file run.txt (compact mmCIF, C-alpha atoms and all ligand atoms)
# COMPACT_ATOMS: atom_id res chain seq x y z
CA MET A 1 -17.62 9.07 -11.37
CA ARG A 2 -16.83 5.72 -13.02
CA ILE A 3 -13.57 4.73 -11.39
CA LEU A 4 -11.17 1.97 -12.48
CA ILE A 5 -9.18 0.41 -9.63
CA THR A 6 -6.40 -2.01 -10.52
CA GLY A 7 -5.47 -4.39 -7.72
CA ALA A 8 -9.06 -4.08 -6.51
CA ALA A 9 -8.93 -7.46 -4.75
CA GLY A 10 -5.87 -6.46 -2.75
CA PHE A 11 -5.68 -5.07 0.77
CA LEU A 12 -5.73 -1.39 -0.24
CA GLY A 13 -7.65 -1.80 -3.50
CA SER A 14 -10.58 -3.48 -1.77
CA HIS A 15 -10.81 -0.81 0.96
CA LEU A 16 -10.64 1.90 -1.71
CA SER A 17 -13.41 0.15 -3.63
CA ASP A 18 -15.58 0.15 -0.49
CA ARG A 19 -14.92 3.80 0.23
CA LEU A 20 -15.53 5.02 -3.34
CA LEU A 21 -18.74 2.97 -3.58
CA ALA A 22 -19.83 4.52 -0.26
CA ASP A 23 -19.11 7.95 -1.77
CA GLY A 24 -21.63 7.10 -4.51
CA HIS A 25 -19.26 6.27 -7.38
CA HIS A 26 -19.29 3.37 -9.83
CA VAL A 27 -16.23 1.14 -9.41
CA ILE A 28 -14.65 -1.08 -12.06
CA GLY A 29 -12.28 -3.45 -10.27
CA MET A 30 -9.45 -5.37 -11.93
CA ASP A 31 -7.14 -7.96 -10.43
CA ASN A 32 -5.36 -11.11 -11.58
CA PHE A 33 -5.35 -12.56 -8.03
CA ILE A 34 -1.62 -13.32 -7.97
CA THR A 35 -1.48 -11.58 -4.61
CA GLY A 36 -5.03 -10.27 -4.14
CA SER A 37 -7.89 -12.49 -2.98
CA PRO A 38 -11.48 -12.94 -4.22
CA ASP A 39 -12.47 -13.00 -0.51
CA ASN A 40 -11.62 -9.29 -0.23
CA ILE A 41 -14.31 -8.32 -2.74
CA ALA A 42 -16.82 -11.15 -2.21
CA HIS A 43 -19.12 -8.78 -0.30
CA LEU A 44 -19.37 -6.55 -3.40
CA ALA A 45 -20.67 -9.29 -5.70
CA ASN A 46 -24.25 -8.03 -5.58
CA ASN A 47 -23.45 -4.33 -5.62
CA GLU A 48 -24.79 -3.01 -8.91
CA ARG A 49 -22.28 -0.17 -8.90
CA PHE A 50 -19.35 -2.62 -8.75
CA GLU A 51 -18.06 -4.43 -11.83
CA PHE A 52 -15.11 -6.79 -11.81
CA PHE A 53 -12.73 -8.04 -14.50
CA LYS A 54 -10.04 -10.65 -13.86
CA ARG A 55 -7.12 -9.15 -15.77
CA ASP A 56 -3.36 -8.83 -15.70
CA VAL A 57 -2.86 -5.08 -16.07
CA SER A 58 0.60 -5.52 -17.52
CA ASN A 59 -1.14 -6.75 -20.67
CA TYR A 60 -3.25 -4.46 -22.84
CA ILE A 61 -6.46 -3.64 -20.98
CA PHE A 62 -9.77 -2.53 -22.38
CA VAL A 63 -12.44 -0.88 -20.29
CA PRO A 64 -15.91 -0.54 -21.81
CA GLY A 65 -17.56 2.87 -21.48
CA LYS A 66 -16.51 6.13 -19.91
CA VAL A 67 -13.84 6.21 -17.22
CA ASP A 68 -13.45 9.33 -15.09
CA ALA A 69 -10.64 8.21 -12.80
CA ILE A 70 -8.05 5.42 -12.58
CA LEU A 71 -6.32 4.26 -9.41
CA HIS A 72 -3.38 2.00 -10.22
CA PHE A 73 -2.85 -0.21 -7.16
CA ALA A 74 -1.95 -3.52 -8.79
CA SER A 75 1.42 -4.82 -7.58
CA PRO A 76 2.94 -7.40 -5.30
CA ALA A 77 4.09 -5.42 -2.26
CA SER A 78 5.49 -7.64 0.48
CA PRO A 79 9.27 -7.60 0.96
CA ASN A 80 9.41 -10.97 2.70
CA PRO A 81 11.82 -13.31 0.84
CA GLN A 82 10.02 -16.37 2.24
CA SER A 83 6.54 -15.32 1.16
CA LYS A 84 5.09 -16.80 -2.04
CA SER A 85 3.16 -13.56 -2.59
CA GLY A 86 6.13 -11.28 -1.89
CA TYR A 87 7.96 -9.54 -4.69
CA PHE A 88 11.16 -11.57 -4.16
CA ASN A 89 9.25 -14.51 -5.60
CA LEU A 90 7.40 -12.46 -8.22
CA PRO A 91 10.21 -10.20 -9.45
CA ILE A 92 9.26 -10.00 -13.14
CA GLN A 93 5.53 -9.57 -12.44
CA THR A 94 6.40 -6.80 -9.98
CA MET A 95 8.43 -4.91 -12.56
CA LYS A 96 5.75 -5.43 -15.21
CA ALA A 97 2.92 -4.25 -12.94
CA GLY A 98 4.85 -1.08 -12.10
CA ALA A 99 6.16 -0.38 -15.59
CA LEU A 100 3.80 -1.86 -18.21
CA GLY A 101 0.76 -1.69 -15.91
CA THR A 102 1.35 2.00 -15.25
CA HIS A 103 1.85 2.62 -18.98
CA ASN A 104 -1.44 0.89 -19.82
CA CYS A 105 -3.33 2.84 -17.16
CA LEU A 106 -1.85 6.15 -18.27
CA GLY A 107 -2.87 5.33 -21.84
CA ILE A 108 -6.46 4.90 -20.69
CA ALA A 109 -6.29 8.10 -18.62
CA ARG A 110 -5.05 9.97 -21.67
CA ILE A 111 -7.74 8.86 -24.11
CA GLN A 112 -10.47 9.08 -21.47
CA ASN A 113 -9.34 12.45 -20.12
CA ALA A 114 -9.48 10.84 -16.68
CA ARG A 115 -7.78 11.68 -13.38
CA PHE A 116 -4.98 9.17 -12.74
CA LEU A 117 -3.68 8.23 -9.30
CA LEU A 118 -0.53 6.15 -8.95
CA ALA A 119 0.03 4.08 -5.82
CA SER A 120 3.68 4.74 -5.13
CA THR A 121 5.55 3.89 -1.97
CA SER A 122 7.91 5.00 0.75
CA GLU A 123 10.20 2.36 -0.76
CA ILE A 124 11.18 4.89 -3.43
CA TYR A 125 13.21 6.52 -0.60
CA GLY A 126 15.12 3.23 -0.18
CA ASP A 127 17.23 3.05 2.98
CA PRO A 128 16.86 6.79 3.63
CA GLU A 129 19.74 9.06 4.61
CA VAL A 130 17.32 11.91 5.34
CA HIS A 131 14.87 11.62 8.21
CA PRO A 132 11.91 12.00 8.24
CA GLN A 133 11.27 11.63 4.52
CA ALA A 134 9.80 14.62 2.73
CA GLU A 135 8.70 14.40 -0.91
CA SER A 136 11.71 16.53 -1.90
CA TYR A 137 14.13 13.76 -0.82
CA ALA A 138 15.26 11.77 -3.87
CA GLY A 139 16.05 8.58 -1.97
CA ASN A 140 18.81 6.01 -1.57
CA VAL A 141 17.99 3.02 -3.75
CA ASP A 142 20.39 0.43 -5.15
CA PRO A 143 19.11 -0.47 -8.64
CA VAL A 144 20.45 -4.01 -8.34
CA GLY A 145 19.65 -4.48 -4.65
CA THR A 146 17.27 -7.18 -3.47
CA ARG A 147 14.33 -4.77 -3.14
CA ALA A 148 15.06 -3.11 -6.49
CA VAL A 149 12.33 -4.89 -8.45
CA TYR A 150 9.72 -3.09 -6.38
CA ASP A 151 11.54 0.18 -5.65
CA GLU A 152 12.72 0.81 -9.18
CA ALA A 153 9.41 -0.23 -10.76
CA LYS A 154 7.66 2.35 -8.59
CA ARG A 155 10.34 4.96 -9.34
CA PHE A 156 9.89 4.30 -13.07
CA ALA A 157 6.11 4.50 -12.58
CA GLU A 158 6.45 7.92 -10.95
CA SER A 159 8.68 9.16 -13.80
CA LEU A 160 6.27 7.86 -16.42
CA THR A 161 3.34 9.46 -14.61
CA MET A 162 5.07 12.85 -14.57
CA ALA A 163 6.01 12.42 -18.24
CA TYR A 164 2.34 11.87 -19.16
CA HIS A 165 1.41 14.86 -17.05
CA ARG A 166 4.05 17.19 -18.46
CA PHE A 167 4.03 15.99 -22.07
CA HIS A 168 0.41 14.87 -22.60
CA ASN A 169 -1.16 17.07 -19.92
CA VAL A 170 -2.83 14.10 -18.24
CA ASN A 171 -4.41 14.93 -14.88
CA THR A 172 -2.16 12.74 -12.74
CA SER A 173 -1.41 12.31 -9.05
CA ILE A 174 1.08 10.23 -7.06
CA VAL A 175 0.63 8.97 -3.51
CA ARG A 176 3.68 7.68 -1.64
CA ILE A 177 2.24 5.15 0.78
CA PHE A 178 4.03 4.31 4.03
CA ASN A 179 3.48 1.16 6.13
CA THR A 180 -0.24 0.50 6.44
CA TYR A 181 -2.16 -2.19 8.31
CA GLY A 182 -5.70 -3.33 8.93
CA PRO A 183 -8.28 -5.99 8.08
CA ARG A 184 -7.77 -7.88 4.77
CA MET A 185 -4.01 -7.95 4.96
CA ASP A 186 -2.71 -11.27 3.71
CA LEU A 187 -1.93 -13.29 6.84
CA GLU A 188 0.76 -15.19 4.96
CA ASP A 189 2.60 -12.32 3.30
CA GLY A 190 5.22 -12.18 6.02
CA ARG A 191 4.93 -8.51 6.89
CA ALA A 192 5.36 -7.21 10.41
CA LEU A 193 1.71 -6.76 11.35
CA PRO A 194 0.29 -10.03 9.94
CA ASN A 195 3.18 -12.07 11.32
CA LEU A 196 3.14 -10.54 14.79
CA LEU A 197 -0.62 -10.26 15.25
CA LYS A 198 -1.12 -13.85 14.09
CA GLN A 199 1.55 -15.02 16.55
CA ALA A 200 -0.01 -12.99 19.37
CA LEU A 201 -3.51 -14.35 18.77
CA LEU A 202 -2.13 -17.89 18.74
CA GLY A 203 -0.33 -17.26 22.05
CA GLN A 204 3.13 -17.60 20.47
CA PRO A 205 6.20 -15.41 21.03
CA LEU A 206 6.54 -12.58 18.49
CA THR A 207 9.45 -12.86 16.05
CA VAL A 208 11.41 -9.61 15.98
CA TYR A 209 14.11 -9.53 13.28
CA GLY A 210 17.54 -8.28 14.23
CA ASP A 211 17.56 -6.30 17.47
CA GLY A 212 14.22 -4.66 16.65
CA SER A 213 15.71 -1.16 16.66
CA GLN A 214 14.76 -0.52 13.02
CA THR A 215 11.82 1.89 12.89
CA ARG A 216 8.59 2.15 10.95
CA SER A 217 5.54 4.41 11.13
CA PHE A 218 2.29 2.46 10.85
CA CYS A 219 -0.94 3.92 9.48
CA TYR A 220 -4.38 2.37 9.95
CA VAL A 221 -6.00 1.59 6.59
CA ASP A 222 -9.08 3.85 7.02
CA ASP A 223 -6.84 6.86 7.62
CA LEU A 224 -4.77 6.00 4.58
CA VAL A 225 -7.81 5.55 2.34
CA ASP A 226 -9.14 8.89 3.49
CA GLY A 227 -5.88 10.60 2.49
CA ILE A 228 -5.83 8.86 -0.90
CA VAL A 229 -9.42 9.85 -1.67
CA LYS A 230 -8.66 13.46 -0.71
CA LEU A 231 -5.73 13.38 -3.12
CA LEU A 232 -7.93 11.88 -5.83
CA TYR A 233 -10.47 14.70 -5.41
CA SER A 234 -7.73 17.38 -5.43
CA ASN A 235 -5.86 18.99 -8.31
CA GLU A 236 -2.40 18.06 -7.02
CA HIS A 237 0.10 16.56 -9.47
CA LEU A 238 3.33 16.24 -7.48
CA PRO A 239 3.90 13.30 -5.08
CA VAL A 240 2.22 13.41 -1.67
CA ASN A 241 3.28 11.23 1.28
CA ILE A 242 0.37 9.56 3.06
CA GLY A 243 1.21 7.73 6.26
CA ASN A 244 1.13 8.04 10.00
CA PRO A 245 4.11 10.07 11.28
CA VAL A 246 4.20 8.30 14.68
CA GLU A 247 7.52 6.47 14.42
CA MET A 248 8.44 3.51 16.60
CA SER A 249 10.95 0.69 16.71
CA ILE A 250 9.79 -2.75 15.61
CA LEU A 251 10.40 -3.87 19.20
CA GLN A 252 7.95 -1.22 20.48
CA PHE A 253 5.51 -2.25 17.78
CA ALA A 254 5.70 -5.89 18.90
CA GLN A 255 5.24 -4.84 22.55
CA ALA A 256 2.11 -2.87 21.60
CA ILE A 257 0.66 -5.97 19.88
CA ASN A 258 1.35 -8.13 22.93
CA LYS A 259 -0.25 -5.50 25.16
CA VAL A 260 -3.47 -5.10 23.12
CA THR A 261 -3.93 -8.86 22.64
CA GLY A 262 -2.88 -9.75 26.21
CA ASN A 263 -0.35 -12.22 24.81
CA GLN A 264 1.92 -13.52 27.56
CA ALA A 265 4.40 -15.37 25.32
CA GLY A 266 6.81 -12.45 24.95
CA ILE A 267 9.26 -11.79 22.11
CA VAL A 268 11.99 -13.83 20.41
CA TYR A 269 14.78 -12.27 18.37
CA GLU A 270 15.50 -13.84 15.01
CA GLU A 271 18.26 -13.23 12.52
CA ASN A 272 17.15 -10.69 9.95
CA SER A 273 16.96 -12.75 6.77
CA ARG A 274 16.07 -9.73 4.67
CA SER A 275 19.68 -8.83 3.93
CA ALA A 276 21.29 -5.52 4.61
CA ARG A 277 18.63 -3.70 2.63
CA ASP A 278 15.97 -3.81 5.37
CA PRO A 279 15.58 -0.02 5.81
CA GLN A 280 16.78 1.12 9.23
CA ARG A 281 14.20 3.84 9.65
CA ARG A 282 11.16 5.23 7.96
CA GLN A 283 8.86 8.09 8.86
CA PRO A 284 6.75 10.25 6.60
CA ASP A 285 6.95 14.01 6.67
CA ILE A 286 3.26 14.75 6.01
CA THR A 287 3.48 18.54 5.82
CA ARG A 288 2.33 18.52 2.21
CA ALA A 289 -0.65 16.24 2.92
CA ARG A 290 -1.66 18.51 5.81
CA GLU A 291 -1.36 21.70 3.80
CA ILE A 292 -2.67 20.61 0.41
CA LEU A 293 -5.27 18.03 1.45
CA ASN A 294 -6.02 19.12 5.00
CA TRP A 295 -5.38 15.49 5.97
CA THR A 296 -3.96 13.98 9.15
CA PRO A 297 -4.39 10.42 10.44
CA ASN A 298 -6.38 10.07 13.66
CA ILE A 299 -6.49 6.37 14.58
CA ASP A 300 -3.70 5.49 17.01
CA LEU A 301 -1.87 2.18 16.97
CA GLU A 302 -3.70 0.49 19.84
CA GLU A 303 -7.09 1.42 18.39
CA GLY A 304 -5.99 0.26 14.94
CA ILE A 305 -4.83 -3.10 16.30
CA ARG A 306 -8.15 -3.53 18.13
CA ARG A 307 -10.03 -2.86 14.87
CA THR A 308 -7.85 -5.40 13.01
CA ILE A 309 -8.19 -8.27 15.47
CA PRO A 310 -11.69 -9.55 14.45
CA PHE A 311 -10.57 -10.15 10.84
CA PHE A 312 -7.48 -12.04 12.00
CA LYS A 313 -9.49 -14.13 14.46
CA GLN A 314 -11.94 -15.04 11.73
CA LYS A 315 -9.14 -16.03 9.32
CA LEU A 316 -7.45 -18.08 12.04
CA GLY A 317 -10.72 -19.81 12.92
CA LEU A 318 -10.59 -18.47 16.47
CA GLU A 319 -14.21 -17.33 16.52
N1 LIG A 401 9.72 -7.68 10.92
C1 LIG A 401 9.97 -8.36 12.11
N2 LIG A 401 9.34 -9.55 12.34
C2 LIG A 401 8.43 -10.10 11.46
C3 LIG A 401 8.17 -9.40 10.25
C4 LIG A 401 8.82 -8.20 10.02
O1 LIG A 401 10.79 -7.90 12.94
O2 LIG A 401 7.90 -11.19 11.77
C5 LIG A 401 10.40 -6.39 10.66
C6 LIG A 401 11.13 -6.32 9.32
O3 LIG A 401 12.47 -6.81 9.44
C7 LIG A 401 11.10 -4.81 9.04
C8 LIG A 401 9.81 -4.34 9.71
O4 LIG A 401 9.40 -5.39 10.59
O5 LIG A 401 12.21 -4.18 9.65
C9 LIG A 401 8.67 -4.02 8.76
O6 LIG A 401 8.54 -5.08 7.86
P1 LIG A 401 7.33 -5.20 6.80
O7 LIG A 401 7.51 -6.51 6.11
O8 LIG A 401 6.05 -4.99 7.47
O9 LIG A 401 7.51 -4.06 5.74
P2 LIG A 401 8.68 -3.05 5.23
O10 LIG A 401 8.48 -1.83 6.03
O11 LIG A 401 10.05 -3.66 5.49
O12 LIG A 401 8.41 -2.85 3.79
call {"tool": "encode", "arguments": {"input": "run.txt", "output": "structure tokens", "more": "lines below"}}
Ligand code: UDP
result
Amino acid sequence: MRILITGAAGFLGSHLSDRLLADGHHVIGMDNFITGSPDNIAHLANNERFEFFKRDVSNYIFVPGKVDAILHFASPASPNPQSKSGYFNLPIQTMKAGALGTHNCLGIARIQNARFLLASTSEIYGDPEVHPQAESYAGNVDPVGTRAVYDEAKRFAESLTMAYHRFHNVNTSIVRIFNTYGPRMDLEDGRALPNLLKQALLGQPLTVYGDGSQTRSFCYVDDLVDGIVKLLYSNEHLPVNIGNPVEMSILQFAQAINKVTGNQAGIVYEENSRSARDPQRRQPDITRAREILNWTPNIDLEEGIRRTIPFFKQKLGLE
């Protein structure tokens, strides 16, 4: 297949590019580098099955030749208010990538008769009142809350995707991605894993926000990519959660990072600057992914951290 990936220079987009190239496909990558990095795709420069266009997908996009599938992954995604690359500091671009970017990609999918895959998010569940989150749960999102620019853009993107499916019969799919980590995460984006692993490798105490009792469920990137590719190759149209269902508190997560890295500096508690909208708990119900895609994650947290460390050491100049 000839596959268009928007956000190809991002954390997930670049791993998807690698995997789809390894599967024998031709990949057309697009990115405007507002949060992605040329470093993430530098190793593909001489791959003759990889083409790259620097584009903002919220503007009209043209792709020469046949396109068989489109994966729309372009979007800022970090919720850290301090981070330059987080969506708090890119609110309009975030809404445009989710709304106009999705519209442009669906337009291409329609004329090209291509399979479309939308990167959606567990954030569409907001601060969930139902636990764990199954795809049937409609979520708890405040449209004017501080995370709304991301959450509502992705909710709009899901609605638009289903509209193109139901009204134009486009072959669409929607993946709801839960917390994911691994090599090529942006060390400066302020998320839990980059912050804490960086601190641990530098021998500093890990900053846990609030009392650390809020929970997340972290999936290693290779597992996630495998689930997404299975969804791409399937005929499923309704949303599918992809994530690791092993739930833990952020405190436990920090302790695991200290253990794997051998960091002796411990943990410090900091005020949670993310406002009241930092979701208290999050865990995917992956029954649908298991049944429809025959997918389950199989890399546990300690193994995933070990696989992530070399990239972080290299970025920090530690090796
Ligand atoms: N967090 C933390 N210390 C940090 C960074 C994040 O305690 O240095 C917490 C954050 O408050 C949130 C959780 O870790 O409860 C996950 O944050 P992340 O930014 O990774 O993504 P989110 O799941 O909130 O989208």
call {"tool": "closest_atom_pairs", "arguments": {"input": "run.txt", "of": "chain A", "to": "ligand LIG 401 (chain A)", "cutoff": "10 Å", "atoms": "all atoms listed in the file", "output": "tab-separated table"}}
result
residue	atom	partner	partner_atom	distance
A:Ala77	CA	A:LIG401	O12	7.9
A:Ser78	CA	A:LIG401	O7	6.1
A:Pro79	CA	A:LIG401	O7	5.6
A:Asn80	CA	A:LIG401	O7	5.9
A:Pro81	CA	A:LIG401	O7	9.6
A:Gly86	CA	A:LIG401	O7	9.4
A:Thr121	CA	A:LIG401	O12	9.3
A:Ser122	CA	A:LIG401	O12	8.4
A:Glu123	CA	A:LIG401	O12	7.1
A:Gly126	CA	A:LIG401	O12	9.9
A:Arg147	CA	A:LIG401	O12	9.3
A:Phe178	CA	A:LIG401	O10	7.8
A:Asn179	CA	A:LIG401	O10	5.8
A:Thr180	CA	A:LIG401	O8	8.4
A:Tyr181	CA	A:LIG401	O8	8.7
A:Asp189	CA	A:LIG401	O7	8.1
A:Gly190	CA	A:LIG401	C3	5.9
A:Arg191	CA	A:LIG401	O7	3.4
A:Ala192	CA	A:LIG401	C3	3.6
A:Leu193	CA	A:LIG401	O8	6.1
A:Pro194	CA	A:LIG401	C3	7.9
A:Asn195	CA	A:LIG401	O2	4.8
A:Leu196	CA	A:LIG401	O2	5.7
A:Leu197	CA	A:LIG401	O2	9.3
A:Lys198	CA	A:LIG401	O2	9.7
A:Gln199	CA	A:LIG401	O2	8.8
A:Leu206	CA	A:LIG401	O2	7.0
A:Thr207	CA	A:LIG401	O2	4.8
A:Val208	CA	A:LIG401	O1	3.5
A:Tyr209	CA	A:LIG401	O1	3.7
A:Gly210	CA	A:LIG401	O1	6.9
A:Asp211	CA	A:LIG401	O1	8.3
A:Gly212	CA	A:LIG401	O1	6.0
A:Ser213	CA	A:LIG401	O5	8.4
A:Gln214	CA	A:LIG401	O5	5.6
A:Thr215	CA	A:LIG401	O5	6.9
A:Arg216	CA	A:LIG401	O10	6.3
A:Ser217	CA	A:LIG401	O10	8.6
A:Phe218	CA	A:LIG401	O10	8.9
A:Ser249	CA	A:LIG401	O5	8.7
A:Ile250	CA	A:LIG401	O4	5.7
A:Leu251	CA	A:LIG401	O1	7.5
A:Phe253	CA	A:LIG401	O4	8.8
A:Ala254	CA	A:LIG401	O1	8.1
A:Val268	CA	A:LIG401	N2	9.5
A:Tyr269	CA	A:LIG401	O1	8.0
A:Glu270	CA	A:LIG401	O1	7.9
A:Glu271	CA	A:LIG401	O3	9.2
A:Asn272	CA	A:LIG401	O3	6.1
A:Ser273	CA	A:LIG401	O3	7.9
A:Arg274	CA	A:LIG401	O3	6.7
A:Ser275	CA	A:LIG401	O3	9.3
A:Arg277	CA	A:LIG401	O11	9.0
A:Asp278	CA	A:LIG401	O5	5.7
A:Pro279	CA	A:LIG401	O5	6.6
A:Gln280	CA	A:LIG401	O5	7.0
A:Arg281	CA	A:LIG401	O5	8.3
A:Arg282	CA	A:LIG401	O10	7.8
call {"tool": "atom_distance", "arguments": {"input": "run.txt", "atom1": "atom CA of A:Glu319", "atom2": "atom CA of A:Ser14"}}
result
23.2 Å
call {"tool": "atom_distance", "arguments": {"input": "run.txt", "atom1": "atom CA of A:Ala138", "atom2": "atom CA of A:Met248"}}
result
23.1 Å
call {"tool": "residues_around", "arguments": {"input": "run.txt", "residues": "stretch 157-160 of chain A", "least_positions_apart": "4", "cutoff": "10 Å", "atoms": "only C-alpha atoms", "output": "compact mmCIF listing (two decimals) with C-alpha atoms, keeping the file's coordinate frame"}}
result
# COMPACT_ATOMS: atom_id res chain seq x y z
CA MET A 95 8.43 -4.91 -12.56
CA ALA A 97 2.92 -4.25 -12.94
CA GLY A 98 4.85 -1.08 -12.10
CA ALA A 99 6.16 -0.38 -15.59
CA LEU A 100 3.80 -1.86 -18.21
CA GLY A 101 0.76 -1.69 -15.91
CA THR A 102 1.35 2.00 -15.25
CA HIS A 103 1.85 2.62 -18.98
CA LEU A 106 -1.85 6.15 -18.27
CA LEU A 118 -0.53 6.15 -8.95
CA ALA A 119 0.03 4.08 -5.82
CA SER A 120 3.68 4.74 -5.13
CA THR A 121 5.55 3.89 -1.97
CA ILE A 124 11.18 4.89 -3.43
CA ASP A 151 11.54 0.18 -5.65
CA GLU A 152 12.72 0.81 -9.18
CA ALA A 153 9.41 -0.23 -10.76
CA TYR A 164 2.34 11.87 -19.16
CA HIS A 165 1.41 14.86 -17.05
CA ARG A 166 4.05 17.19 -18.46
CA SER A 173 -1.41 12.31 -9.05
CA ILE A 174 1.08 10.23 -7.06
CA VAL A 175 0.63 8.97 -3.51
CA ARG A 176 3.68 7.68 -1.64
CA LEU A 238 3.33 16.24 -7.48
CA PRO A 239 3.90 13.30 -5.08
call {"tool": "closest_residue", "arguments": {"input": "run.txt", "among": "A:Ala22, A:Ile61, A:Val149, A:Ile41", "to": "A:Pro76", "atoms": "all atoms listed in the file"}}
result
A:Val149
call {"tool": "atom_distance", "arguments": {"input": "run.txt", "atom1": "atom CA of A:Tyr233", "atom2": "atom CA of A:Thr172"}}
result
11.3 Å
call {"tool": "residues_near_point", "arguments": {"input": "run.txt", "point": "(-9.6, 3.9, -13.3)", "cutoff": "7 Å", "atoms": "all atoms listed in the file", "output": "list of chain:residue names"}}
result
A:Ile3, A:Leu4, A:Ile5, A:Val67, A:Asp68, A:Ala69, A:Ile70, A:Leu71
call {"tool": "write_last_selection", "arguments": {"input": "run.txt", "atoms": "C-alpha atoms", "output": "short mmCIF file (atom, residue, chain, number, x, y, z; two decimals), in the frame of the given file"}}
result
data_model
loop_
_atom_site.label_atom_id
_atom_site.label_comp_id
_atom_site.auth_asym_id
_atom_site.auth_seq_id
_atom_site.Cartn_x
_atom_site.Cartn_y
_atom_site.Cartn_z
CA ILE A 3 -13.57 4.73 -11.39
CA LEU A 4 -11.17 1.97 -12.48
CA ILE A 5 -9.18 0.41 -9.63
CA VAL A 67 -13.84 6.21 -17.22
CA ASP A 68 -13.45 9.33 -15.09
CA ALA A 69 -10.64 8.21 -12.80
CA ILE A 70 -8.05 5.42 -12.58
CA LEU A 71 -6.32 4.26 -9.41
#
call {"tool": "residues_around", "arguments": {"input": "run.txt", "residues": "A:Lys54", "least_positions_apart": "5", "cutoff": "6 Å", "atoms": "all atoms listed in the file", "output": "PDB file with C-alpha atoms, in the frame of the given file"}}
result
ATOM      1  CA  MET A  30      -9.450  -5.370 -11.930  1.00  0.00           C
ATOM      2  CA  ASP A  31      -7.140  -7.960 -10.430  1.00  0.00           C
ATOM      3  CA  ASN A  32      -5.360 -11.110 -11.580  1.00  0.00           C
TER       4      ASN A  32
END
call {"tool": "closest_residue", "arguments": {"input": "run.txt", "among": "A:Val170, A:Ile286, A:Leu232, A:Val221", "to": "A:Asp300", "atoms": "all atoms listed in the file"}}
result
A:Val221
call {"tool": "residues_around", "arguments": {"input": "run.txt", "residues": "stretch 313-315 of chain A", "least_positions_apart": "6", "cutoff": "12 Å", "atoms": "only C-alpha atoms", "output": "list in words"}}
result
Asp39, Asn40, Pro183, Arg184, Met185, Asp186, Leu187, Glu188, Pro194, Leu197, Lys198, Gln199, Ala200, Leu201, Leu202, Thr261, Arg306 and Arg307 of chain A
call {"tool": "closest_residue", "arguments": {"input": "run.txt", "among": "A:Asp285, A:Asp127, A:Met162, A:Phe62", "to": "A:Gly139", "atoms": "all atoms listed in the file"}}
result
A:Asp127
call {"tool": "closest_residue", "arguments": {"input": "run.txt", "among": "A:Val240, A:Leu318, A:Ala114, A:Val229", "to": "A:Ala134", "atoms": "only C-alpha atoms"}}
result
A:Val240
call {"tool": "closest_residue", "arguments": {"input": "run.txt", "among": "A:Gly182, A:Pro128, A:Gly145, A:Gly29", "to": "A:Gly304", "atoms": "all atoms listed in the file"}}
result
A:Gly182
call {"tool": "axis_aligned_box", "arguments": {"input": "run.txt", "around": "stretch 51-65 of chain A", "padding_each_side": "4 Å", "output": "AutoDock Vina command-line options"}}
result
--center_x -8.7 --center_y -3.9 --center_z -17.3 --size_x 26.7 --size_y 21.5 --size_z 19.0
